[in-house]
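Okay, final.txt is below, compact mmCIF, C-alpha atoms:
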# COMPACT_ATOMS: atom_id res chain seq x y z
CA MET A 1 63.58 -7.84 -54.16
CA LYS A 2 59.84 -8.05 -53.69
CA HIS A 3 60.13 -10.43 -50.73
CA ALA A 4 62.77 -8.26 -49.06
CA ARG A 5 60.68 -5.14 -49.61
CA GLN A 6 57.58 -6.73 -48.11
CA GLN A 7 59.55 -7.92 -45.10
CA ALA A 8 60.82 -4.35 -44.67
CA ILE A 9 57.21 -3.10 -44.73
CA LEU A 10 56.25 -5.58 -42.00
CA GLN A 11 59.23 -4.49 -39.88
CA LEU A 12 58.29 -0.82 -40.22
CA LEU A 13 54.72 -1.59 -39.21
CA THR A 14 55.91 -3.56 -36.20
CA SER A 15 57.64 -0.47 -34.87
CA GLN A 16 55.16 2.19 -36.04
CA HIS A 17 51.83 0.25 -36.08
CA SER A 18 50.59 2.32 -39.03
CA ILE A 19 52.20 4.22 -41.89
CA THR A 20 51.02 5.99 -45.05
CA THR A 21 51.57 4.67 -48.55
CA GLN A 22 53.54 7.80 -49.43
CA ALA A 23 55.83 7.40 -46.41
CA LEU A 24 56.54 3.77 -47.29
CA ALA A 25 57.38 4.70 -50.88
CA ALA A 26 59.77 7.40 -49.68
CA GLN A 27 61.50 5.20 -47.09
CA LEU A 28 61.91 2.23 -49.43
CA LYS A 29 62.75 4.44 -52.45
CA VAL A 30 60.19 2.87 -54.80
CA SER A 31 57.08 4.15 -56.56
CA ILE A 32 53.70 4.43 -54.86
CA GLU A 33 52.35 1.91 -57.40
CA THR A 34 54.95 -0.63 -56.29
CA ILE A 35 54.08 -0.07 -52.64
CA ARG A 36 50.38 -0.48 -53.39
CA ARG A 37 51.05 -3.82 -55.07
CA ASP A 38 53.09 -4.94 -52.06
CA LEU A 39 50.38 -3.84 -49.64
CA ASN A 40 47.70 -5.62 -51.66
CA ALA A 41 49.74 -8.83 -51.51
CA LEU A 42 50.34 -8.50 -47.77
CA GLN A 43 46.68 -7.80 -47.08
CA THR A 44 45.52 -10.74 -49.20
CA ALA A 45 47.92 -12.91 -47.21
CA GLY A 46 46.27 -11.70 -44.00
CA LYS A 47 49.38 -9.93 -42.67
CA ILE A 48 48.26 -6.28 -42.67
CA MET A 49 45.18 -4.09 -43.01
CA ARG A 50 44.77 -1.15 -45.39
CA ARG A 51 42.40 1.74 -44.81
CA HIS A 52 42.21 5.32 -46.15
CA GLY A 53 45.79 5.48 -47.48
CA LEU A 54 47.23 3.79 -44.40
CA ALA A 55 48.73 0.38 -43.80
CA ARG A 56 48.46 -0.91 -40.24
CA THR A 57 49.31 -3.96 -38.20
CA LEU A 58 46.69 -6.54 -37.39
CA HIS A 59 45.40 -6.83 -33.86
CA ASP A 60 42.43 -8.50 -32.22
CA GLY A 61 40.33 -5.36 -32.08
CA GLY A 62 38.12 -3.88 -34.75
CA GLU A 63 37.56 -0.26 -35.58
CA PRO A 64 35.13 1.62 -33.35
CA PHE A 65 31.51 1.14 -34.37
CA ARG A 66 31.02 4.87 -35.05
CA THR A 67 33.93 4.81 -37.51
CA ARG A 68 32.56 1.78 -39.33
CA LEU A 69 29.09 3.33 -39.48
CA LYS A 70 30.41 6.39 -41.33
CA SER A 71 32.45 4.37 -43.82
CA HIS A 72 30.63 3.83 -47.17
CA TYR A 73 27.44 5.00 -45.45
CA ALA A 74 25.23 5.36 -48.53
CA ASP A 75 26.40 2.08 -50.08
CA LYS A 76 25.69 0.13 -46.89
CA ALA A 77 22.25 1.72 -46.45
CA ASP A 78 21.34 0.80 -50.02
CA ILE A 79 22.58 -2.78 -49.60
CA ALA A 80 20.53 -3.07 -46.40
CA ARG A 81 17.43 -1.83 -48.23
CA HIS A 82 17.80 -4.61 -50.81
CA ALA A 83 18.21 -7.17 -48.02
CA LEU A 84 14.64 -6.46 -46.90
CA ASN A 85 13.46 -8.55 -49.87
CA TRP A 86 14.63 -11.71 -48.07
CA ILE A 87 12.66 -11.03 -44.87
CA GLU A 88 9.09 -12.20 -44.29
CA ALA A 89 6.77 -12.11 -41.29
CA GLY A 90 7.15 -15.05 -38.93
CA MET A 91 10.85 -15.63 -39.61
CA THR A 92 13.55 -16.04 -36.99
CA LEU A 93 16.55 -13.89 -37.97
CA ALA A 94 20.06 -13.56 -36.63
CA LEU A 95 21.89 -10.27 -37.20
CA ASP A 96 25.55 -9.67 -36.52
CA ALA A 97 27.18 -6.55 -35.04
CA SER A 98 28.19 -5.03 -38.38
CA SER A 99 27.34 -1.45 -39.30
CA THR A 100 25.53 -2.77 -42.39
CA CYS A 101 23.19 -4.85 -40.22
CA PHE A 102 22.54 -1.76 -38.13
CA HIS A 103 21.44 0.00 -41.32
CA LEU A 104 19.14 -2.96 -41.94
CA ALA A 105 17.76 -2.81 -38.40
CA ARG A 106 16.87 0.87 -38.86
CA GLN A 107 14.89 0.00 -42.01
CA LEU A 108 13.26 -3.16 -40.66
CA PRO A 109 9.46 -2.80 -40.49
CA ASP A 110 7.54 -3.58 -37.31
CA ILE A 111 6.23 -7.02 -38.32
CA PRO A 112 6.08 -10.31 -36.39
CA LEU A 113 9.69 -11.53 -36.28
CA THR A 114 12.14 -13.05 -33.86
CA VAL A 115 15.58 -11.39 -33.97
CA LEU A 116 18.73 -12.71 -32.31
CA THR A 117 21.73 -10.39 -32.27
CA ASN A 118 25.01 -9.71 -30.50
CA SER A 119 24.84 -6.00 -31.42
CA LEU A 120 23.97 -3.38 -28.80
CA PRO A 121 22.83 -0.80 -31.42
CA VAL A 122 20.63 -3.41 -33.13
CA CYS A 123 19.14 -4.36 -29.74
CA GLN A 124 18.34 -0.71 -29.07
CA GLU A 125 16.74 -0.36 -32.49
CA MET A 126 14.70 -3.58 -32.18
CA ALA A 127 13.43 -2.51 -28.75
CA ARG A 128 11.37 0.15 -30.58
CA ARG A 129 9.48 -2.52 -32.58
CA GLU A 130 6.52 -3.81 -30.60
CA GLN A 131 5.90 -6.86 -32.81
CA ILE A 132 9.48 -8.09 -32.88
CA GLU A 133 10.63 -10.58 -30.27
CA LEU A 134 14.20 -9.62 -29.41
CA ILE A 135 16.79 -12.10 -28.16
CA CYS A 136 20.14 -10.63 -27.12
CA SER A 137 23.11 -12.99 -27.20
CA GLY A 138 24.23 -11.52 -23.86
CA GLY A 139 27.65 -11.78 -22.29
CA ARG A 140 30.41 -9.21 -21.88
CA LEU A 141 29.93 -5.89 -23.66
CA ALA A 142 32.82 -4.86 -25.92
CA ARG A 143 32.17 -1.14 -25.75
CA THR A 144 34.33 -0.01 -28.67
CA GLU A 145 32.60 -2.38 -31.08
CA ARG A 146 29.28 -2.12 -29.22
CA CYS A 147 28.74 -5.86 -29.32
CA TYR A 148 28.32 -8.67 -26.79
CA VAL A 149 30.83 -11.49 -26.38
CA ASN A 150 29.27 -14.68 -25.01
CA PRO A 151 31.34 -17.89 -24.74
CA ALA A 152 28.09 -19.80 -24.01
CA LEU A 153 26.49 -18.84 -27.33
CA ALA A 154 26.39 -22.46 -28.51
CA SER A 155 24.04 -23.36 -25.64
CA LEU A 156 21.70 -20.50 -26.53
CA LEU A 157 21.58 -21.53 -30.18
CA LYS A 158 20.52 -25.08 -29.32
CA SER A 159 17.05 -23.82 -28.43
CA LEU A 160 16.63 -21.70 -31.58
CA GLU A 161 15.82 -22.51 -35.19
CA ILE A 162 17.38 -19.71 -37.24
CA ASP A 163 15.70 -19.23 -40.62
CA LEU A 164 18.13 -16.60 -41.92
CA PHE A 165 21.47 -15.30 -40.70
CA ILE A 166 22.24 -11.84 -42.08
CA PHE A 167 25.79 -10.57 -41.67
CA SER A 168 28.71 -8.65 -43.11
CA CYS A 169 32.45 -9.15 -42.81
CA GLU A 170 35.72 -7.25 -42.85
CA GLY A 171 36.85 -8.77 -46.13
CA VAL A 172 36.80 -11.61 -48.63
CA ASP A 173 40.20 -12.56 -50.01
CA ALA A 174 41.14 -13.84 -53.46
CA ARG A 175 40.56 -17.46 -52.38
CA GLY A 176 37.03 -16.81 -51.13
CA ASP A 177 37.90 -16.85 -47.43
CA MET A 178 35.77 -14.50 -45.31
CA TRP A 179 37.53 -12.49 -42.57
CA ASP A 180 36.66 -10.41 -39.55
CA SER A 181 38.77 -8.00 -37.51
CA THR A 182 38.11 -9.69 -34.15
CA ARG A 183 38.16 -13.33 -33.13
CA HIS A 184 34.98 -13.12 -31.06
CA ASN A 185 32.93 -11.67 -33.92
CA ALA A 186 34.39 -14.21 -36.33
CA ALA A 187 33.40 -17.00 -33.92
CA PHE A 188 29.85 -15.63 -33.62
CA LYS A 189 29.45 -15.56 -37.39
CA ALA A 190 30.99 -19.00 -37.89
CA GLN A 191 28.53 -20.54 -35.42
CA LEU A 192 25.53 -18.85 -37.02
CA LEU A 193 26.65 -19.90 -40.49
CA ARG A 194 26.59 -23.51 -39.33
CA ARG A 195 23.28 -23.23 -37.46
CA ALA A 196 21.10 -21.12 -39.78
CA GLN A 197 19.05 -22.71 -42.53
CA GLN A 198 20.07 -19.91 -44.89
CA SER A 199 22.55 -17.03 -44.81
CA LEU A 200 22.69 -13.63 -46.48
CA LEU A 201 25.99 -11.75 -46.77
CA LEU A 202 25.77 -7.95 -47.06
CA ILE A 203 29.06 -6.67 -48.45
CA ASP A 204 30.07 -3.44 -50.15
CA LYS A 205 32.66 -3.23 -52.92
CA SER A 206 35.47 -2.06 -50.60
CA LYS A 207 35.54 -5.44 -48.84
CA PHE A 208 36.59 -7.66 -51.75
CA TYR A 209 40.15 -8.96 -52.06
CA ARG A 210 40.92 -8.07 -48.45
CA ALA A 211 41.93 -10.19 -45.51
CA SER A 212 41.91 -9.42 -41.79
CA GLU A 213 42.69 -10.91 -38.40
CA ALA A 214 40.28 -13.83 -37.95
CA LYS A 215 38.77 -16.20 -40.51
CA ILE A 216 35.00 -16.72 -40.49
CA GLY A 217 34.64 -19.38 -43.16
CA TYR A 218 34.27 -19.68 -46.91
CA LEU A 219 32.15 -17.62 -49.27
CA SER A 220 30.83 -20.90 -50.68
CA GLN A 221 29.03 -21.48 -47.34
CA VAL A 222 26.82 -18.41 -47.93
CA THR A 223 23.38 -18.97 -49.46
CA GLN A 224 22.84 -15.47 -50.90
CA MET A 225 24.74 -12.21 -51.18
CA VAL A 226 23.81 -8.55 -51.66
CA THR A 227 26.63 -6.33 -52.93
CA ASP A 228 27.31 -3.24 -55.01
CA ALA A 229 30.49 -4.75 -56.48
CA ASN A 230 30.66 -5.21 -60.25
CA ILE A 231 33.26 -7.96 -60.16
CA ASP A 232 33.45 -11.71 -60.36
CA THR A 233 33.34 -12.56 -56.67
CA PRO A 234 35.92 -15.09 -55.47
CA GLN A 235 34.60 -18.57 -54.67
CA ARG A 236 36.52 -21.40 -53.04
So that I can check it, write out the structure of this file as structure tokens.
Amino acid sequence: MKHARQQAILQLLTSQHSITTQALAAQLKVSIETIRRDLNALQTAGKIMRRHGLARTLHDGGEPFRTRLKSHYADKADIARHALNWIEAGMTLALDASSTCFHLARQLPDIPLTVLTNSLPVCQEMARREQIELICSGGRLARTERCYVNPALASLLKSLEIDLFIFSCEGVDARGDMWDSTRHNAAFKAQLLRRAQQSLLLIDKSKFYRASEAKIGYLSQVTQMVTDANIDTPQR
């Protein structure tokens, strides 16, 4: 029964792309609690995404940056503030295109640093800091996500020694796999995880036990984490 119901959910999403929890419960004639359990299982398996009472199909395209910036705004800003404790003058940092890293960029003091990023908003923020040497990853601009996509990133990284890679992700599933909503951002983060001497994951409580479109790597690869979650975080 459970397998058949979950397959029915996937078929409905294929035709409608997104649907509310209440609508699914009504169509499948089960309780909302049952539907929520099914959706949790499907999301953990990386087959759907859940957001604000909606279930939606996966696709290689994240939510617009402005939408992500508004989501859990205060939590992300507070997490970013705590991340400042890991940053010292003279370091070479890499920041991803997450909204949480943008919160960090807005709080970053004007001290001698080198910052590499694929984020247009972070680039614009860093351009206001006279003491920070800014390196943009370059490439094609993905306007919706406001980030750059550069297939030649590996060549750029060969000339850089990254002290600390600071990033967020779309979700961490029950097995400790880290996910992103787009393949190009997942690839950027995977490369920086391998190249950086240390890494710092900034993740709010809404991101745990969630999967998405593209796998980044394993939580066990991350050196440090800043989160507001009061749970035992999954580790592979």
(message) Using only C-alpha atoms, list the residues that have an atom at most 7 Å from (41.2, -9.0, -45.7), coordinates as in the file, as a ChimeraX atom specification.
(response) /A:43-44,46,49,170-173,179,209-212
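Of the residues listed (A:Asn185, A:Gln27, A:Ser18, A:Gln6), A:Gln6 shows the shortest atom-to-atom separation from Asn40 in chain A; distances use only C-alpha atoms.
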(request) Tell me, as a list of chain:residue names, which residues lie within 8 Å of Asp75 in chain A, counting all atoms listed in the file; anything in the same chain fewer than 3 positions away does not count. (result)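 Residues meeting the cut-off are A:His72, A:Asp78, A:Ile79, A:Asp204, A:Asp228.
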(message) One decimal, in Å: what's the spacing between CA of Leu84 in chain A and CA of Leu104 in chain A?
(response)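 Calculated distance between CA of Leu84 in chain A and CA of Leu104 in chain A is 7.6 Å.
Compared by their closest atoms to Ser98 in chain A, and using all atoms listed in the file, the residues A:Ser181, A:Ser137, A:Thr20, A:Ser155 rank with A:Ser181 nearest.
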Around (16.4, -3.4, -28.2) in the file's frame, which residues reach within 12 Å when counting all atoms listed in the file? Return as a compact mmCIF listing (two decimals) with C-alpha atoms, in the coordinates of the input?
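The file below, out-v6.txt, is the result:
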# COMPACT_ATOMS: atom_id res chain seq x y z
CA PHE A 102 22.54 -1.76 -38.13
CA ALA A 105 17.76 -2.81 -38.40
CA ARG A 106 16.87 0.87 -38.86
CA THR A 114 12.14 -13.05 -33.86
CA VAL A 115 15.58 -11.39 -33.97
CA LEU A 116 18.73 -12.71 -32.31
CA THR A 117 21.73 -10.39 -32.27
CA ASN A 118 25.01 -9.71 -30.50
CA SER A 119 24.84 -6.00 -31.42
CA LEU A 120 23.97 -3.38 -28.80
CA PRO A 121 22.83 -0.80 -31.42
CA VAL A 122 20.63 -3.41 -33.13
CA CYS A 123 19.14 -4.36 -29.74
CA GLN A 124 18.34 -0.71 -29.07
CA GLU A 125 16.74 -0.36 -32.49
CA MET A 126 14.70 -3.58 -32.18
CA ALA A 127 13.43 -2.51 -28.75
CA ARG A 128 11.37 0.15 -30.58
CA ARG A 129 9.48 -2.52 -32.58
CA GLU A 130 6.52 -3.81 -30.60
CA GLN A 131 5.90 -6.86 -32.81
CA ILE A 132 9.48 -8.09 -32.88
CA GLU A 133 10.63 -10.58 -30.27
CA LEU A 134 14.20 -9.62 -29.41
CA ILE A 135 16.79 -12.10 -28.16
CA CYS A 136 20.14 -10.63 -27.12
CA SER A 137 23.11 -12.99 -27.20
(request) Could you check how far CA of Ile32 in chain A sits from CA of Ile203 in chain A, in Å to one decimal? (result) 27.8 Å
(request) Enter the distance from CA of Lys2 in chain A to CA of Leu28 in chain A, in Å, rounded to one decimal. (result) 11.3 Å
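Residue nearest Arg183 in chain A, chosen from A:Thr14, A:Glu213, A:Asp96, A:Lys47 and counting all atoms listed in the file: A:Glu213.
Closest approach to Lys205 in chain A among A:Gln191, A:Asn230, A:Gln7, A:Thr182: A:Asn230, based on all atoms listed in the file.
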(message) Need the shell around Leu202 in chain A: protein/DNA/RNA residues with any atom at most 10 Å away, counting all atoms listed in the file. Skip same-chain ones fewer than 2 positions apart. Format as a PyMOL selection string?
(response) chain A and resi 76+79-80+82-83+98+100-101+104+166-169+199-200+204+224-228
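With only C-alpha atoms as the atoms that count, the residue of A:Ala142, A:Ile111, A:Leu95, A:Leu156 with the shortest distance to Leu193 in chain A is A:Leu95.
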Can you pull out the residues contacting Ile216 in chain A? Cut-off 6 Å, using all atoms listed in the file, and skip same-chain residues under 3 positions away; I want them as an mmCIF file with C-alpha atoms, in the coordinates of the input.
data_model
loop_
_atom_site.group_PDB
_atom_site.id
_atom_site.type_symbol
_atom_site.label_atom_id
_atom_site.label_comp_id
_atom_site.auth_asym_id
_atom_site.auth_seq_id
_atom_site.Cartn_x
_atom_site.Cartn_y
_atom_site.Cartn_z
ATOM 1 C CA MET A 178 35.770 -14.500 -45.310
ATOM 2 C CA TRP A 179 37.530 -12.490 -42.570
ATOM 3 C CA ALA A 186 34.390 -14.210 -36.330
ATOM 4 C CA ALA A 190 30.990 -19.000 -37.890
#
(request) Point out the residue among A:Leu141, A:Val30, A:Ala4, A:Ala187 with the least atom-to-atom distance to Ala214 in chain A, counting all atoms listed in the file. (result)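 For Ala214 in chain A, the nearest of the candidates is A:Ala187.
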